[in-house]
$ cat my_file_12.cif   # mmCIF, C-alpha atoms
data_start
#
loop_
_atom_site.group_PDB
_atom_site.id
_atom_site.type_symbol
_atom_site.label_atom_id
_atom_site.label_comp_id
_atom_site.auth_asym_id
_atom_site.auth_seq_id
_atom_site.Cartn_x
_atom_site.Cartn_y
_atom_site.Cartn_z
ATOM 1 C CA MET M 1 0.000 0.000 0.000
ATOM 2 C CA ARG M 2 2.852 2.358 0.850
ATOM 3 C CA LYS M 3 4.592 1.645 -2.469
ATOM 4 C CA GLU M 4 1.361 2.435 -4.287
ATOM 5 C CA ILE M 5 0.967 5.732 -2.396
ATOM 6 C CA GLU M 6 4.583 6.694 -3.085
ATOM 7 C CA ARG M 7 4.294 5.805 -6.776
ATOM 8 C CA LYS M 8 1.067 7.686 -7.391
ATOM 9 C CA LEU M 9 1.836 10.788 -5.320
ATOM 10 C CA LYS M 10 5.576 10.818 -6.130
ATOM 11 C CA LEU M 11 6.633 11.257 -2.523
ATOM 12 C CA ARG M 12 8.270 9.304 0.287
ATOM 13 C CA ALA M 13 5.747 7.979 2.820
ATOM 14 C CA ILE M 14 7.097 7.937 6.376
ATOM 15 C CA ASP M 15 5.539 5.586 8.924
ATOM 16 C CA ILE M 16 4.610 7.049 12.323
ATOM 17 C CA TYR M 17 3.417 4.902 15.240
ATOM 18 C CA GLY M 18 1.236 6.010 18.119
ATOM 19 C CA LEU M 19 -1.684 5.078 20.324
ATOM 20 C CA SER M 20 -4.078 7.313 22.210
ATOM 21 C CA GLU M 21 -3.449 5.638 25.585
ATOM 22 C CA ILE M 22 0.215 6.693 25.466
ATOM 23 C CA VAL M 23 0.324 10.036 23.623
ATOM 24 C CA GLY M 24 -1.282 9.595 20.204
ATOM 25 C CA PRO M 25 0.907 9.755 17.073
ATOM 26 C CA GLY M 26 4.601 10.318 17.684
ATOM 27 C CA VAL M 27 5.643 7.438 19.934
ATOM 28 C CA SER M 28 8.027 6.364 17.170
ATOM 29 C CA CYS M 29 8.798 7.484 13.646
ATOM 30 C CA GLU M 30 10.834 6.398 10.644
ATOM 31 C CA CYS M 31 13.800 8.375 9.375
ATOM 32 C CA GLU M 32 14.656 8.831 5.698
ATOM 33 C CA TYR M 33 16.221 5.343 5.559
ATOM 34 C CA GLN M 34 12.939 3.607 6.494
ATOM 35 C CA GLN M 35 14.680 0.849 8.463
ATOM 36 C CA GLY M 36 12.233 0.799 11.347
ATOM 37 C CA MET M 37 10.627 3.437 13.539
ATOM 38 C CA HIS M 38 12.855 5.205 16.070
ATOM 39 C CA VAL M 39 11.235 5.087 19.524
ATOM 40 C CA HIS M 40 11.543 8.325 21.494
ATOM 41 C CA GLU M 41 13.232 6.689 24.462
ATOM 42 C CA ASP M 42 13.488 9.944 26.391
ATOM 43 C CA HIS M 43 9.705 9.672 26.827
ATOM 44 C CA PHE M 44 8.847 5.978 26.462
ATOM 45 C CA VAL M 45 10.458 2.703 27.561
ATOM 46 C CA PRO M 46 9.606 -0.123 25.135
ATOM 47 C CA GLU M 47 9.661 -3.855 25.926
ATOM 48 C CA ILE M 48 8.709 -6.985 24.003
ATOM 49 C CA ILE M 49 6.937 -9.779 25.882
ATOM 50 C CA ASP M 50 5.406 -13.134 25.073
ATOM 51 C CA PRO M 51 1.649 -12.380 24.851
ATOM 52 C CA VAL M 52 0.811 -15.718 26.500
ATOM 53 C CA THR M 53 3.364 -16.036 29.299
ATOM 54 C CA LEU M 54 3.914 -12.254 29.658
ATOM 55 C CA GLU M 55 7.637 -12.957 30.054
ATOM 56 C CA PRO M 56 10.251 -10.904 28.135
ATOM 57 C CA VAL M 57 11.377 -12.488 24.859
ATOM 58 C CA ALA M 58 14.963 -12.736 23.641
ATOM 59 C CA GLU M 59 16.425 -9.678 21.935
ATOM 60 C CA GLY M 60 15.295 -9.461 18.320
ATOM 61 C CA GLU M 61 12.344 -11.843 18.708
ATOM 62 C CA VAL M 62 8.785 -10.902 17.772
ATOM 63 C CA GLY M 63 6.320 -10.426 20.601
ATOM 64 C CA GLU M 64 3.829 -7.982 22.087
ATOM 65 C CA LEU M 65 4.947 -4.388 22.459
ATOM 66 C CA VAL M 66 4.767 -2.916 25.960
ATOM 67 C CA PHE M 67 5.352 0.723 26.921
ATOM 68 C CA SER M 68 6.083 2.564 30.142
ATOM 69 C CA THR M 69 5.881 6.373 30.083
ATOM 70 C CA ILE M 70 8.635 8.529 31.585
ATOM 71 C CA THR M 71 7.448 12.116 31.161
ATOM 72 C CA LYS M 72 3.668 11.726 30.974
ATOM 73 C CA GLU M 73 2.115 13.441 34.002
ATOM 74 C CA GLY M 74 -1.673 13.264 33.583
ATOM 75 C CA ILE M 75 -2.060 9.517 33.167
ATOM 76 C CA PRO M 76 1.344 7.818 33.514
ATOM 77 C CA LEU M 77 1.378 4.176 32.460
ATOM 78 C CA LEU M 78 3.627 1.327 33.556
ATOM 79 C CA ARG M 79 4.116 -1.665 31.254
ATOM 80 C CA TYR M 80 1.045 -0.916 29.171
ATOM 81 C CA ARG M 81 0.215 -3.773 26.776
ATOM 82 C CA THR M 82 -0.398 -2.403 23.282
ATOM 83 C CA ARG M 83 -1.445 -5.808 21.816
ATOM 84 C CA ASP M 84 0.704 -4.915 18.773
ATOM 85 C CA LEU M 85 3.159 -7.553 17.587
ATOM 86 C CA THR M 86 6.611 -6.389 16.522
ATOM 87 C CA ARG M 87 10.283 -6.647 17.426
ATOM 88 C CA LEU M 88 12.884 -4.136 18.595
ATOM 89 C CA ILE M 89 16.120 -3.364 16.726
ATOM 90 C CA TYR M 90 18.996 -2.164 18.903
ATOM 91 C CA ASP M 91 21.827 -1.672 16.409
ATOM 92 C CA LYS M 92 22.757 1.772 15.080
ATOM 93 C CA CYS M 93 20.625 3.034 12.192
ATOM 94 C CA SER M 94 22.121 4.162 8.882
ATOM 95 C CA CYS M 95 21.050 7.713 9.777
ATOM 96 C CA GLY M 96 23.378 7.660 12.795
ATOM 97 C CA ARG M 97 20.700 7.637 15.480
ATOM 98 C CA THR M 98 21.122 5.141 18.303
ATOM 99 C CA LEU M 99 17.521 5.149 19.552
ATOM 100 C CA VAL M 100 15.981 1.688 19.580
ATOM 101 C CA ARG M 101 13.785 1.003 16.543
ATOM 102 C CA MET M 102 10.596 -0.997 16.228
ATOM 103 C CA GLU M 103 9.583 -2.830 13.075
ATOM 104 C CA LYS M 104 6.263 -2.157 11.440
ATOM 105 C CA CYS M 105 3.646 -4.080 13.435
ATOM 106 C CA LYS M 106 2.944 -7.563 12.076
ATOM 107 C CA GLY M 107 -0.474 -7.913 13.673
ATOM 108 C CA ARG M 108 -2.215 -7.901 17.028
ATOM 109 C CA SER M 109 -2.131 -10.522 19.743
ATOM 110 C CA ASP M 110 -5.902 -10.178 20.301
ATOM 111 C CA ASP M 111 -6.611 -10.752 16.566
ATOM 112 C CA MET M 112 -4.780 -14.049 16.413
ATOM 113 C CA LEU M 113 -6.677 -17.119 15.233
ATOM 114 C CA ILE M 114 -5.477 -20.645 15.904
ATOM 115 C CA ILE M 115 -6.452 -22.874 12.990
ATOM 116 C CA ARG M 116 -5.375 -26.515 13.259
ATOM 117 C CA GLY M 117 -2.472 -25.503 15.486
ATOM 118 C CA VAL M 118 -1.324 -22.674 13.179
ATOM 119 C CA ASN M 119 -1.306 -19.049 14.357
ATOM 120 C CA VAL M 120 -3.081 -16.916 11.750
ATOM 121 C CA PHE M 121 -3.322 -13.121 11.744
ATOM 122 C CA PRO M 122 -5.745 -11.215 9.488
ATOM 123 C CA SER M 123 -2.875 -8.844 8.639
ATOM 124 C CA GLN M 124 -1.031 -11.725 6.938
ATOM 125 C CA ILE M 125 -3.994 -12.335 4.662
ATOM 126 C CA GLU M 126 -4.414 -8.617 4.008
ATOM 127 C CA THR M 127 -0.767 -8.391 2.930
ATOM 128 C CA VAL M 128 -1.304 -11.147 0.354
ATOM 129 C CA LEU M 129 -4.449 -9.493 -0.992
ATOM 130 C CA LEU M 130 -2.762 -6.084 -1.293
ATOM 131 C CA GLU M 131 -0.194 -7.695 -3.574
ATOM 132 C CA MET M 132 -2.969 -8.763 -5.946
ATOM 133 C CA SER M 133 -3.982 -6.114 -8.463
ATOM 134 C CA GLU M 134 -7.362 -7.729 -9.129
ATOM 135 C CA THR M 135 -8.827 -7.653 -5.603
ATOM 136 C CA GLU M 136 -10.415 -4.945 -3.467
ATOM 137 C CA PRO M 137 -9.238 -4.311 0.134
ATOM 138 C CA HIS M 138 -12.511 -5.777 1.426
ATOM 139 C CA TYR M 139 -12.497 -9.329 2.732
ATOM 140 C CA LEU M 140 -14.054 -11.535 5.369
ATOM 141 C CA LEU M 141 -12.598 -14.554 7.160
ATOM 142 C CA ILE M 142 -14.981 -17.281 8.311
ATOM 143 C CA VAL M 143 -13.798 -19.912 10.774
ATOM 144 C CA GLU M 144 -15.897 -23.032 11.264
ATOM 145 C CA ARG M 145 -15.501 -26.477 12.792
ATOM 146 C CA GLU M 146 -16.452 -29.569 10.834
ATOM 147 C CA ASN M 147 -16.486 -32.527 13.207
ATOM 148 C CA THR M 148 -13.191 -31.906 15.055
ATOM 149 C CA LEU M 149 -11.392 -30.062 12.235
ATOM 150 C CA ASP M 150 -11.212 -26.276 12.002
ATOM 151 C CA THR M 151 -11.704 -24.746 8.551
ATOM 152 C CA LEU M 152 -10.860 -21.264 7.293
ATOM 153 C CA SER M 153 -12.721 -19.603 4.417
ATOM 154 C CA LEU M 154 -11.945 -16.274 2.799
ATOM 155 C CA MET M 155 -14.455 -14.095 0.961
ATOM 156 C CA VAL M 156 -12.723 -11.375 -1.062
ATOM 157 C CA GLU M 157 -14.132 -8.812 -3.444
ATOM 158 C CA VAL M 158 -12.779 -8.696 -6.987
ATOM 159 C CA GLN M 159 -12.398 -5.347 -8.731
ATOM 160 C CA GLU M 160 -15.196 -4.650 -11.152
ATOM 161 C CA GLN M 161 -12.996 -4.581 -14.257
ATOM 162 C CA PHE M 162 -11.578 -8.011 -13.366
ATOM 163 C CA PHE M 163 -14.862 -9.661 -12.393
ATOM 164 C CA SER M 164 -15.331 -11.519 -15.655
ATOM 165 C CA ASP M 165 -18.057 -13.838 -16.816
ATOM 166 C CA GLU M 166 -15.295 -16.072 -18.079
ATOM 167 C CA VAL M 167 -15.025 -18.818 -15.483
ATOM 168 C CA ARG M 168 -11.424 -19.620 -16.382
ATOM 169 C CA VAL M 169 -10.227 -16.113 -15.470
ATOM 170 C CA LEU M 170 -11.767 -16.230 -11.995
ATOM 171 C CA GLN M 171 -10.579 -19.787 -11.434
ATOM 172 C CA ASP M 172 -7.012 -18.745 -12.249
ATOM 173 C CA LEU M 173 -7.223 -15.804 -9.818
ATOM 174 C CA ARG M 174 -8.672 -18.033 -7.104
ATOM 175 C CA LYS M 175 -5.841 -20.560 -7.573
ATOM 176 C CA ARG M 176 -3.188 -17.837 -7.341
ATOM 177 C CA ILE M 177 -4.661 -16.396 -4.129
ATOM 178 C CA THR M 178 -5.029 -19.883 -2.621
ATOM 179 C CA HIS M 179 -1.411 -20.745 -3.453
ATOM 180 C CA LYS M 180 -0.049 -17.480 -1.985
ATOM 181 C CA LEU M 181 -2.074 -17.897 1.192
ATOM 182 C CA GLU M 182 -0.929 -21.497 1.609
ATOM 183 C CA SER M 183 2.704 -20.404 1.199
ATOM 184 C CA THR M 184 2.259 -17.581 3.717
ATOM 185 C CA LEU M 185 0.139 -19.320 6.357
ATOM 186 C CA GLY M 186 1.133 -22.953 5.990
ATOM 187 C CA LEU M 187 -2.475 -24.124 5.705
ATOM 188 C CA THR M 188 -5.193 -24.333 3.056
ATOM 189 C CA VAL M 189 -7.777 -21.554 2.822
ATOM 190 C CA ASP M 190 -11.063 -21.964 0.952
ATOM 191 C CA VAL M 191 -11.098 -18.819 -1.207
ATOM 192 C CA LYS M 192 -14.420 -17.465 -2.469
ATOM 193 C CA LEU M 193 -14.358 -14.589 -4.985
ATOM 194 C CA VAL M 194 -17.324 -12.238 -4.776
ATOM 195 C CA GLU M 195 -18.499 -9.188 -6.713
ATOM 196 C CA PRO M 196 -17.632 -5.629 -5.605
ATOM 197 C CA LYS M 197 -19.692 -4.233 -2.685
ATOM 198 C CA THR M 198 -20.867 -7.730 -1.728
ATOM 199 C CA ILE M 199 -19.227 -7.721 1.700
ATOM 200 C CA GLU M 200 -21.131 -5.631 4.239
ATOM 201 C CA ARG M 201 -19.485 -2.336 5.230
ATOM 202 C CA THR M 202 -19.447 -1.316 8.891
ATOM 203 C CA ALA M 203 -18.982 2.074 10.525
ATOM 204 C CA GLY M 204 -15.676 2.378 12.371
ATOM 205 C CA LYS M 205 -13.303 -0.566 12.479
ATOM 206 C CA ALA M 206 -14.075 -3.130 9.797
ATOM 207 C CA LYS M 207 -15.188 -6.583 10.962
ATOM 208 C CA ARG M 208 -12.811 -9.021 9.300
ATOM 209 C CA VAL M 209 -13.467 -12.283 11.145
ATOM 210 C CA ILE M 210 -16.547 -14.378 11.880
ATOM 211 C CA ASP M 211 -15.638 -17.260 14.175
ATOM 212 C CA LYS M 212 -18.518 -19.724 14.146
ATOM 213 C CA ARG M 213 -16.712 -22.158 16.426
ATOM 214 C CA ASN M 214 -18.051 -20.225 19.417
ATOM 215 C CA ILE M 215 -21.678 -20.197 18.209
#

$ encode --input "my_file_12.cif" --output "C-alpha cells"
Amino acid sequence: MRKEIERKLKLRAIDIYGLSEIVGPGVSCECEYQQGMHVHEDHFVPEIIDPVTLEPVAEGEVGELVFSTITKEGIPLLRYRTRDLTRLIYDKCSCGRTLVRMEKCKGRSDDMLIIRGVNVFPSQIETVLLEMSETEPHYLLIVERENTLDTLSLMVEVQEQFFSDEVRVLQDLRKRITHKLESTLGLTVDVKLVEPKTIERTAGKAKRVIDKRNI
C-alpha cells in the first residue's frame, strides 16, 4: 500500500506509530532510511513480551509491544500492553541515530486465530491481498468447525474490471490467491471470490473475522 501511495503521489511515505493511551501519534517514527521506527526513548520505555506467558522475549524476537511512560504526568502508564506484535532493533541506524527502533507491526495478539495448530493473523492475509492487483481491500474470514477439524474460508471482493463472466479467469485468480495464502500461512484456505460491494461495510473498524466455532 505504501509503495502504491509513493508511486502515485511521487513522494516518500514515512511511517509514524502512536496510540491514544500513550500520547497519540509520535511514539516512534521512521527516518529517511525507512529501516524501522525510532522510539523516542526519552519519553517511552519499550519492551517486548510473550503475549501468552507475559515474560520478556529474547532480543530481536517478535512479541507484544509494551510501553512505560517517563514524562507523561496526567495519566502515567507502567508496562502498558499495546497488543501490537513487533520486534525491537537495537543496532545503530544508517542515519546515525542510536535510539531503539521498532519494526512495522505484524499484527495484534488479540486478533490471532489458531487454525489446526497454526497461528493466523488477518494482517497476513491482508498483505497477500494487497499484492494482488485484481482484488479490493474488502475481505471476510470465516472460521468453522467440521467434526473436530477447524476450517478457514476467505471471501474477497474482486475489482469490477476483473470480475469476468469467463469462469477460467476467476478460477485462475482463485488458484493464485489460494497458493499465496498457503505459502504464507502454511495451511489451506477456501477462497471465495465475490463481486464488488458484496461484503457488508461497517462504521468504524471493519469486521474481518466471523468465528462460528463459538456459536

$ closest_residue --input "my_file_12.cif" --among "M:Met1, M:Leu185, M:Leu77, M:Leu170" --to "Asn119 in chain M" --atoms "all atoms listed in the file"
M:Leu185

$ residues_around --input "my_file_12.cif" --residues "range 142-148 of chain M" --least-positions-apart "5" --cutoff "9 Å" --atoms "only C-alpha atoms" --output "tab-separated table (two decimals) with C-alpha atoms, in the coordinates of the input"
chain	number	residue	atom	x	y	z
M	113	LEU	CA	-6.68	-17.12	15.23
M	115	ILE	CA	-6.45	-22.87	12.99
M	153	SER	CA	-12.72	-19.60	4.42
M	154	LEU	CA	-11.94	-16.27	2.80
M	155	MET	CA	-14.46	-14.10	0.96
M	208	ARG	CA	-12.81	-9.02	9.30
M	209	VAL	CA	-13.47	-12.28	11.14
M	210	ILE	CA	-16.55	-14.38	11.88
M	211	ASP	CA	-15.64	-17.26	14.18
M	212	LYS	CA	-18.52	-19.72	14.15
M	213	ARG	CA	-16.71	-22.16	16.43
M	214	ASN	CA	-18.05	-20.23	19.42

$ closest_residue --input "my_file_12.cif" --among "M:Leu9, M:Leu78, M:Val45, M:Leu152" --to "Val100 in chain M" --atoms "all atoms listed in the file"
M:Val45

$ resolve_selection --input "my_file_12.cif" --expression "the PyMOL selection byres ((chain M and resi 123-125) around 7)" --output "list in words"
Lys106, Gly107, Phe121, Pro122, Glu126, Thr127, Val128, Leu129 and Leu181 of chain M

$ closest_residue --input "my_file_12.cif" --among "M:Cys93, M:Glu64, M:Ala58, M:Gly74" --to "Tyr33 in chain M" --atoms "only C-alpha atoms"
M:Cys93

$ resolve_selection --input "my_file_12.cif" --expression "the PyMOL selection byres ((chain M and resi 95) around 9)" --output "PyMOL selection string"
chain M and resi 31-33+92-94+96-98

$ resolve_selection --input "my_file_12.cif" --expression "the PyMOL selection byres ((chain M and resi 43) around 9)" --output "VMD selection string"
chain M and resid 27 39 to 42 44 to 45 68 to 72

$ axis_aligned_box --input "my_file_12.cif" --around "range 55-74 of chain M" --padding-each-side "3 Å" --output "AutoDock Vina command-line options"
--center_x 7.4 --center_y 0.2 --center_z 25.9 --size_x 24.1 --size_y 32.4 --size_z 22.2

$ atom_distance --input "my_file_12.cif" --atom1 "CA of Glu61 in chain M" --atom2 "CA of Ile49 in chain M"
9.2 Å

$ atom_distance --input "my_file_12.cif" --atom1 "CA of Glu103 in chain M" --atom2 "CA of Gln34 in chain M"
9.8 Å

$ atom_distance --input "my_file_12.cif" --atom1 "CA of Val194 in chain M" --atom2 "CA of Glu4 in chain M"
23.8 Å

$ residues_around --input "my_file_12.cif" --residues "Arg116 in chain M" --least-positions-apart "5" --cutoff "9 Å" --atoms "only C-alpha atoms" --output "mmCIF file with C-alpha atoms, in the coordinates of the input"
data_model
loop_
_atom_site.group_PDB
_atom_site.id
_atom_site.type_symbol
_atom_site.label_atom_id
_atom_site.label_comp_id
_atom_site.auth_asym_id
_atom_site.auth_seq_id
_atom_site.Cartn_x
_atom_site.Cartn_y
_atom_site.Cartn_z
ATOM 1 C CA LEU M 149 -11.392 -30.062 12.235
ATOM 2 C CA ASP M 150 -11.212 -26.276 12.002
ATOM 3 C CA THR M 151 -11.704 -24.746 8.551
ATOM 4 C CA LEU M 187 -2.475 -24.124 5.705
#

$ residues_near_point --input "my_file_12.cif" --point "(-7.0, -16.9, -5.2)" --cutoff "9 Å" --atoms "all atoms listed in the file" --output "number ranges by chain"
M: 129, 156, 170-181, 190-193

$ closest_residue --input "my_file_12.cif" --among "M:Glu6, M:Glu21, M:Glu200, M:Glu73" --to "Leu140 in chain M" --atoms "only C-alpha atoms"
M:Glu200
